[in-house]
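Worksheet: the structure to be examined is printed underneath.
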Amino acid sequence: MNSKSLLRSAVLFVVAAGIAVSPVQAGAVTHQSPAEGAQFVKLDHPQPVRESTRTEAVEFFWYDCGHSQQLEQPLQAWASKHRADVALRRVPAIWPTSRDEGVQRGHARLYFTLERLGLVERLQTSAFRSVHTEKADLTTEATATDWAVRHGADAQLFRQAYRSPDVARSVDEAAAEFVRYGVNELPTVVVQGEYRTSPTKAGGVEEMPEVLDYLVQQEQLRGN
């Protein structure tokens with residue numbers, strides 16, 4: 001299996017040459033509290049948060065990632081449950097210098113355009129389905145606009161947002177954040193700029209919300 005197909009199927013991003021890729025482990029359900037070093041890790045360099053009143057959760061995802069697609073609906077449900085006390089921020093993954101960087105940048109531009117137009121909540125699931133399941137190419141302005149219009153977006157507004165300096169800047173910032181947060185697997189969620197979990201750590205995609213609940217609870221207890 002070549003590196004590109006491995007990246008697409010196992011969805012484990014290797015950020016340093018020579019690091020071996022291991023498959024996602026479907027760990028058994030446990031009733032013990034998640035533990036640092038097991039279900040989550042502490043970032044070597046904690047990152048600043050953008051929220052002052054709520055706990056921040058940052059999700060790194062890729063539209064062509066099967067595990068990111070699997071997490072989408074559970075994450076939406078989790079975020080809805082925590083709407084009052086958690087701010088969910090999504091960051092499309094861009095692996096700098098990888099052979100798929102151009103594709104990832106195209107997908108990131110699509111995401112930030114949807115975000116700028118307030119369409120993420122409505123179209124995020126459709127974007128995953130089109131890219132990962134249906135193998136649609138949404139990496140150019142023309143293909144992304146055509147797709148968005150078919151899903152109810154205004155063509156002129158979409159093109160304006162797609163070409164905007166703010167969207168271009170957000171794409172560049174996403175690539176930098178991917179490195180700063182030490183992302184090595186997708187999807188990855190970082191709580192309060194300090195604690196990171198992923199399918200391999202949590203024991204599977206389905207276990208991630210439970211780990212996130214624990215991390216948010218611990219963060220809130222520290223803040224009291």
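Every chain in the structure tokens has a letter given in the order shown (A, B, ...), and although residue numbers restart at 1 in each chain, ligands are simply numbered from 1 in the order shown.
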Name the residues in contact with Ser198 in chain A at a cut-off of 9 Å, using only C-alpha atoms, excluding same-chain residues fewer than 2 positions from it; report them as a PDB file with N, CA and C atoms, in the first residue's frame.
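Written output follows (out28.pdb):
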```
ATOM      1  N   GLN A  39      -5.891   7.601  26.876  1.00  0.00           N
ATOM      2  CA  GLN A  39      -6.975   8.082  26.016  1.00  0.00           C
ATOM      3  C   GLN A  39      -6.749   9.510  25.497  1.00  0.00           C
ATOM      4  N   PHE A  40      -5.809  10.215  26.069  1.00  0.00           N
ATOM      5  CA  PHE A  40      -5.482  11.561  25.589  1.00  0.00           C
ATOM      6  C   PHE A  40      -4.044  11.874  25.978  1.00  0.00           C
ATOM      7  N   GLU A 185      -2.871  12.403  13.548  1.00  0.00           N
ATOM      8  CA  GLU A 185      -3.964  11.491  13.201  1.00  0.00           C
ATOM      9  C   GLU A 185      -5.220  12.317  12.978  1.00  0.00           C
ATOM     10  N   LEU A 186      -6.079  11.823  12.097  1.00  0.00           N
ATOM     11  CA  LEU A 186      -7.359  12.483  11.864  1.00  0.00           C
ATOM     12  C   LEU A 186      -8.503  11.514  12.114  1.00  0.00           C
ATOM     13  N   PRO A 187      -9.585  12.018  12.707  1.00  0.00           N
ATOM     14  CA  PRO A 187      -9.714  13.357  13.266  1.00  0.00           C
ATOM     15  C   PRO A 187      -8.969  13.473  14.594  1.00  0.00           C
ATOM     16  N   THR A 188      -8.598  14.693  14.923  1.00  0.00           N
ATOM     17  CA  THR A 188      -8.004  15.005  16.226  1.00  0.00           C
ATOM     18  C   THR A 188      -8.807  16.141  16.839  1.00  0.00           C
ATOM     19  N   VAL A 189      -9.052  16.067  18.138  1.00  0.00           N
ATOM     20  CA  VAL A 189      -9.726  17.161  18.843  1.00  0.00           C
ATOM     21  C   VAL A 189      -8.850  17.585  20.012  1.00  0.00           C
ATOM     22  N   VAL A 190      -8.621  18.888  20.127  1.00  0.00           N
ATOM     23  CA  VAL A 190      -7.814  19.454  21.215  1.00  0.00           C
ATOM     24  C   VAL A 190      -8.727  20.281  22.108  1.00  0.00           C
ATOM     25  N   ARG A 196      -5.129  16.569  23.811  1.00  0.00           N
ATOM     26  CA  ARG A 196      -5.443  16.103  22.464  1.00  0.00           C
ATOM     27  C   ARG A 196      -5.884  14.638  22.500  1.00  0.00           C
ATOM     28  N   THR A 200      -7.214   6.607  17.684  1.00  0.00           N
ATOM     29  CA  THR A 200      -6.259   5.655  18.237  1.00  0.00           C
ATOM     30  C   THR A 200      -6.152   5.797  19.747  1.00  0.00           C
ATOM     31  N   LYS A 201      -6.095   7.020  20.233  1.00  0.00           N
ATOM     32  CA  LYS A 201      -5.985   7.252  21.668  1.00  0.00           C
ATOM     33  C   LYS A 201      -7.277   6.878  22.395  1.00  0.00           C
ATOM     34  N   ALA A 202      -8.401   7.325  21.880  1.00  0.00           N
ATOM     35  CA  ALA A 202      -9.679   7.130  22.574  1.00  0.00           C
ATOM     36  C   ALA A 202     -10.139   5.676  22.541  1.00  0.00           C
ATOM     37  N   GLY A 203      -9.654   4.916  21.553  1.00  0.00           N
ATOM     38  CA  GLY A 203     -10.096   3.548  21.405  1.00  0.00           C
ATOM     39  C   GLY A 203     -11.086   3.371  20.269  1.00  0.00           C
ATOM     40  N   GLY A 204     -11.204   4.391  19.429  1.00  0.00           N
ATOM     41  CA  GLY A 204     -12.115   4.369  18.298  1.00  0.00           C
ATOM     42  C   GLY A 204     -12.859   5.687  18.183  1.00  0.00           C
ATOM     43  N   VAL A 205     -13.395   5.952  17.006  1.00  0.00           N
ATOM     44  CA  VAL A 205     -14.144   7.195  16.788  1.00  0.00           C
ATOM     45  C   VAL A 205     -15.306   7.298  17.766  1.00  0.00           C
ATOM     46  N   MET A 208     -14.624   8.828  21.246  1.00  0.00           N
ATOM     47  CA  MET A 208     -14.085  10.176  21.407  1.00  0.00           C
ATOM     48  C   MET A 208     -14.988  11.115  22.208  1.00  0.00           C
TER      49      MET A 208
END
```
Which residues are near Trp78 in chain A? Cut-off 9 Å, only C-alpha atoms, ignore same chain within fewer than 5 positions. Put them as an mmCIF file with C-alpha atoms, in the first residue's frame.
```cif
data_model
loop_
_atom_site.group_PDB
_atom_site.id
_atom_site.type_symbol
_atom_site.label_atom_id
_atom_site.label_comp_id
_atom_site.auth_asym_id
_atom_site.auth_seq_id
_atom_site.Cartn_x
_atom_site.Cartn_y
_atom_site.Cartn_z
ATOM 1 C CA GLN A 73 -22.580 13.371 13.435
ATOM 2 C CA ARG A 83 -23.545 24.515 23.348
ATOM 3 C CA PRO A 209 -17.150 12.034 22.794
ATOM 4 C CA LEU A 212 -14.072 14.905 25.324
ATOM 5 C CA ASP A 213 -16.715 14.969 28.064
#
```
- [ ] Name the residues of range 6-220 of chain A that come out as alpha helix (DSSP H) in a backbone DSSP run; write them as an NGL selection string.
- [x] :A and (6-9 or 66-81 or 101-116 or 120-128 or 141-150 or 155-163 or 165-180 or 199-202 or 208-220)
Could you write out the selected residues, including C-alpha atoms, as a compact mmCIF listing (two decimals), in the first residue's frame?
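Contents of part_11.txt, as written:
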```txt
# COMPACT_ATOMS: atom_id res chain seq x y z
CA LEU A 6 -2.53 4.55 3.47
CA LEU A 7 -3.20 8.17 4.32
CA ARG A 8 -6.67 7.93 2.81
CA SER A 9 -7.62 4.60 4.39
CA GLY A 66 -13.27 8.25 6.55
CA HIS A 67 -12.81 8.58 10.30
CA SER A 68 -13.45 12.34 10.15
CA GLN A 69 -16.67 11.55 8.33
CA GLN A 70 -17.61 8.98 10.97
CA LEU A 71 -17.05 11.52 13.75
CA GLU A 72 -19.13 14.26 12.14
CA GLN A 73 -22.58 13.37 13.44
CA PRO A 74 -21.42 12.30 16.94
CA LEU A 75 -19.39 15.51 17.16
CA GLN A 76 -22.35 17.63 16.09
CA ALA A 77 -24.48 15.93 18.75
CA TRP A 78 -21.75 16.42 21.34
CA ALA A 79 -21.32 20.09 20.48
CA SER A 80 -25.07 20.63 20.61
CA LYS A 81 -25.18 19.09 24.08
CA GLU A 101 -1.24 19.36 0.33
CA GLY A 102 -2.82 20.90 -2.77
CA VAL A 103 -5.98 18.82 -2.39
CA GLN A 104 -6.15 19.61 1.30
CA ARG A 105 -5.79 23.31 0.62
CA GLY A 106 -8.65 23.10 -1.86
CA HIS A 107 -10.85 21.38 0.70
CA ALA A 108 -9.82 23.91 3.34
CA ARG A 109 -10.81 26.75 1.03
CA LEU A 110 -14.20 25.12 0.54
CA TYR A 111 -14.67 24.77 4.30
CA PHE A 112 -13.70 28.35 5.13
CA THR A 113 -15.96 29.63 2.37
CA LEU A 114 -18.87 27.71 3.88
CA GLU A 115 -17.91 29.02 7.30
CA ARG A 116 -17.83 32.61 6.07
CA VAL A 120 -21.12 24.79 7.75
CA GLU A 121 -23.79 23.36 10.02
CA ARG A 122 -26.09 22.75 7.04
CA LEU A 123 -23.58 21.47 4.49
CA GLN A 124 -20.72 19.84 6.42
CA THR A 125 -22.22 16.36 6.21
CA SER A 126 -22.93 16.82 2.51
CA ALA A 127 -19.35 17.91 1.89
CA PHE A 128 -18.02 14.74 3.55
CA GLU A 141 -13.43 27.45 -7.48
CA ALA A 142 -15.48 26.13 -10.40
CA THR A 143 -16.20 22.69 -8.95
CA ALA A 144 -16.76 24.00 -5.43
CA THR A 145 -19.13 26.72 -6.64
CA ASP A 146 -21.11 24.28 -8.78
CA TRP A 147 -21.43 21.93 -5.82
CA ALA A 148 -22.46 24.70 -3.43
CA VAL A 149 -25.09 26.04 -5.82
CA ARG A 150 -26.57 22.54 -6.17
CA ALA A 155 -23.25 31.50 -6.67
CA GLN A 156 -22.13 35.14 -6.52
CA LEU A 157 -21.81 35.20 -2.75
CA PHE A 158 -19.96 31.89 -2.77
CA ARG A 159 -17.43 33.09 -5.36
CA GLN A 160 -16.86 36.33 -3.47
CA ALA A 161 -16.18 34.48 -0.25
CA TYR A 162 -14.02 31.85 -1.98
CA ARG A 163 -11.78 34.57 -3.45
CA PRO A 165 -8.39 37.53 1.47
CA ASP A 166 -9.93 36.33 4.76
CA VAL A 167 -10.50 32.84 3.37
CA ALA A 168 -7.01 32.70 1.87
CA ARG A 169 -5.53 33.79 5.21
CA SER A 170 -7.56 31.16 7.08
CA VAL A 171 -6.21 28.43 4.79
CA ASP A 172 -2.63 29.46 5.54
CA GLU A 173 -3.37 29.63 9.26
CA ALA A 174 -4.86 26.12 9.17
CA ALA A 175 -1.63 24.71 7.77
CA ALA A 176 0.35 26.42 10.52
CA GLU A 177 -2.03 25.21 13.23
CA PHE A 178 -1.72 21.61 12.02
CA VAL A 179 1.98 21.79 12.86
CA ARG A 180 1.65 23.79 16.10
CA PRO A 199 -9.44 7.56 17.42
CA THR A 200 -6.26 5.66 18.24
CA LYS A 201 -5.99 7.25 21.67
CA ALA A 202 -9.68 7.13 22.57
CA MET A 208 -14.09 10.18 21.41
CA PRO A 209 -17.15 12.03 22.79
CA GLU A 210 -16.73 10.28 26.16
CA VAL A 211 -13.10 11.37 26.33
CA LEU A 212 -14.07 14.90 25.32
CA ASP A 213 -16.72 14.97 28.06
CA TYR A 214 -14.05 14.03 30.60
CA LEU A 215 -11.57 16.65 29.36
CA VAL A 216 -14.19 19.40 29.38
CA GLN A 217 -15.31 18.40 32.87
CA GLN A 218 -11.74 18.46 34.16
CA GLU A 219 -11.09 21.82 32.56
CA GLN A 220 -14.20 23.29 34.14
```
TODO: Would you please extract all strand (DSSP E) residues from range 71-218 of chain A, as assigned by DSSP on the backbone, and give them as an MDAnalysis selection string?
DONE: chainID A and resid 86:92 188:191 195:197
For the residues selected in the previous step, produce a file with N, CA and C atoms as a PDB file, in the first residue's frame.
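Wrote it out as again-v1.pdb, contents follow:
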```
ATOM      1  N   VAL A  86     -19.192  24.934  25.758  1.00  0.00           N
ATOM      2  CA  VAL A  86     -18.065  24.574  24.894  1.00  0.00           C
ATOM      3  C   VAL A  86     -18.190  25.294  23.559  1.00  0.00           C
ATOM      4  N   ALA A  87     -17.097  25.861  23.094  1.00  0.00           N
ATOM      5  CA  ALA A  87     -17.036  26.463  21.764  1.00  0.00           C
ATOM      6  C   ALA A  87     -16.253  25.515  20.863  1.00  0.00           C
ATOM      7  N   LEU A  88     -16.924  24.954  19.855  1.00  0.00           N
ATOM      8  CA  LEU A  88     -16.270  24.052  18.910  1.00  0.00           C
ATOM      9  C   LEU A  88     -15.730  24.861  17.736  1.00  0.00           C
ATOM     10  N   ARG A  89     -14.446  24.710  17.498  1.00  0.00           N
ATOM     11  CA  ARG A  89     -13.812  25.356  16.341  1.00  0.00           C
ATOM     12  C   ARG A  89     -13.234  24.263  15.449  1.00  0.00           C
ATOM     13  N   ARG A  90     -13.561  24.312  14.177  1.00  0.00           N
ATOM     14  CA  ARG A  90     -13.083  23.309  13.229  1.00  0.00           C
ATOM     15  C   ARG A  90     -11.903  23.855  12.429  1.00  0.00           C
ATOM     16  N   VAL A  91     -10.926  23.007  12.198  1.00  0.00           N
ATOM     17  CA  VAL A  91      -9.772  23.377  11.382  1.00  0.00           C
ATOM     18  C   VAL A  91      -9.549  22.293  10.334  1.00  0.00           C
ATOM     19  N   PRO A  92      -9.731  22.608   9.046  1.00  0.00           N
ATOM     20  CA  PRO A  92      -9.453  21.613   8.012  1.00  0.00           C
ATOM     21  C   PRO A  92      -7.961  21.305   7.973  1.00  0.00           C
ATOM     22  N   THR A 188      -8.598  14.693  14.923  1.00  0.00           N
ATOM     23  CA  THR A 188      -8.004  15.005  16.226  1.00  0.00           C
ATOM     24  C   THR A 188      -8.807  16.141  16.839  1.00  0.00           C
ATOM     25  N   VAL A 189      -9.052  16.067  18.138  1.00  0.00           N
ATOM     26  CA  VAL A 189      -9.726  17.161  18.843  1.00  0.00           C
ATOM     27  C   VAL A 189      -8.850  17.585  20.012  1.00  0.00           C
ATOM     28  N   VAL A 190      -8.621  18.888  20.127  1.00  0.00           N
ATOM     29  CA  VAL A 190      -7.814  19.454  21.215  1.00  0.00           C
ATOM     30  C   VAL A 190      -8.727  20.281  22.108  1.00  0.00           C
ATOM     31  N   VAL A 191      -8.678  20.003  23.403  1.00  0.00           N
ATOM     32  CA  VAL A 191      -9.510  20.710  24.375  1.00  0.00           C
ATOM     33  C   VAL A 191      -8.675  21.749  25.106  1.00  0.00           C
ATOM     34  N   TYR A 195      -5.046  19.545  25.679  1.00  0.00           N
ATOM     35  CA  TYR A 195      -5.187  18.093  25.694  1.00  0.00           C
ATOM     36  C   TYR A 195      -5.752  17.604  24.360  1.00  0.00           C
ATOM     37  N   ARG A 196      -5.129  16.569  23.811  1.00  0.00           N
ATOM     38  CA  ARG A 196      -5.443  16.103  22.464  1.00  0.00           C
ATOM     39  C   ARG A 196      -5.884  14.638  22.500  1.00  0.00           C
ATOM     40  N   THR A 197      -6.970  14.340  21.773  1.00  0.00           N
ATOM     41  CA  THR A 197      -7.399  12.955  21.635  1.00  0.00           C
ATOM     42  C   THR A 197      -7.729  12.675  20.175  1.00  0.00           C
TER      43      THR A 197
END
```
Open item on the list: Counting only C-alpha atoms, which residue out of A:Val41, A:Ala93, A:Leu117, A:Val131 sits closest to Trp62 in chain A?
Closed with: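 Selected residue with least distance to Trp62 in chain A: A:Ala93.
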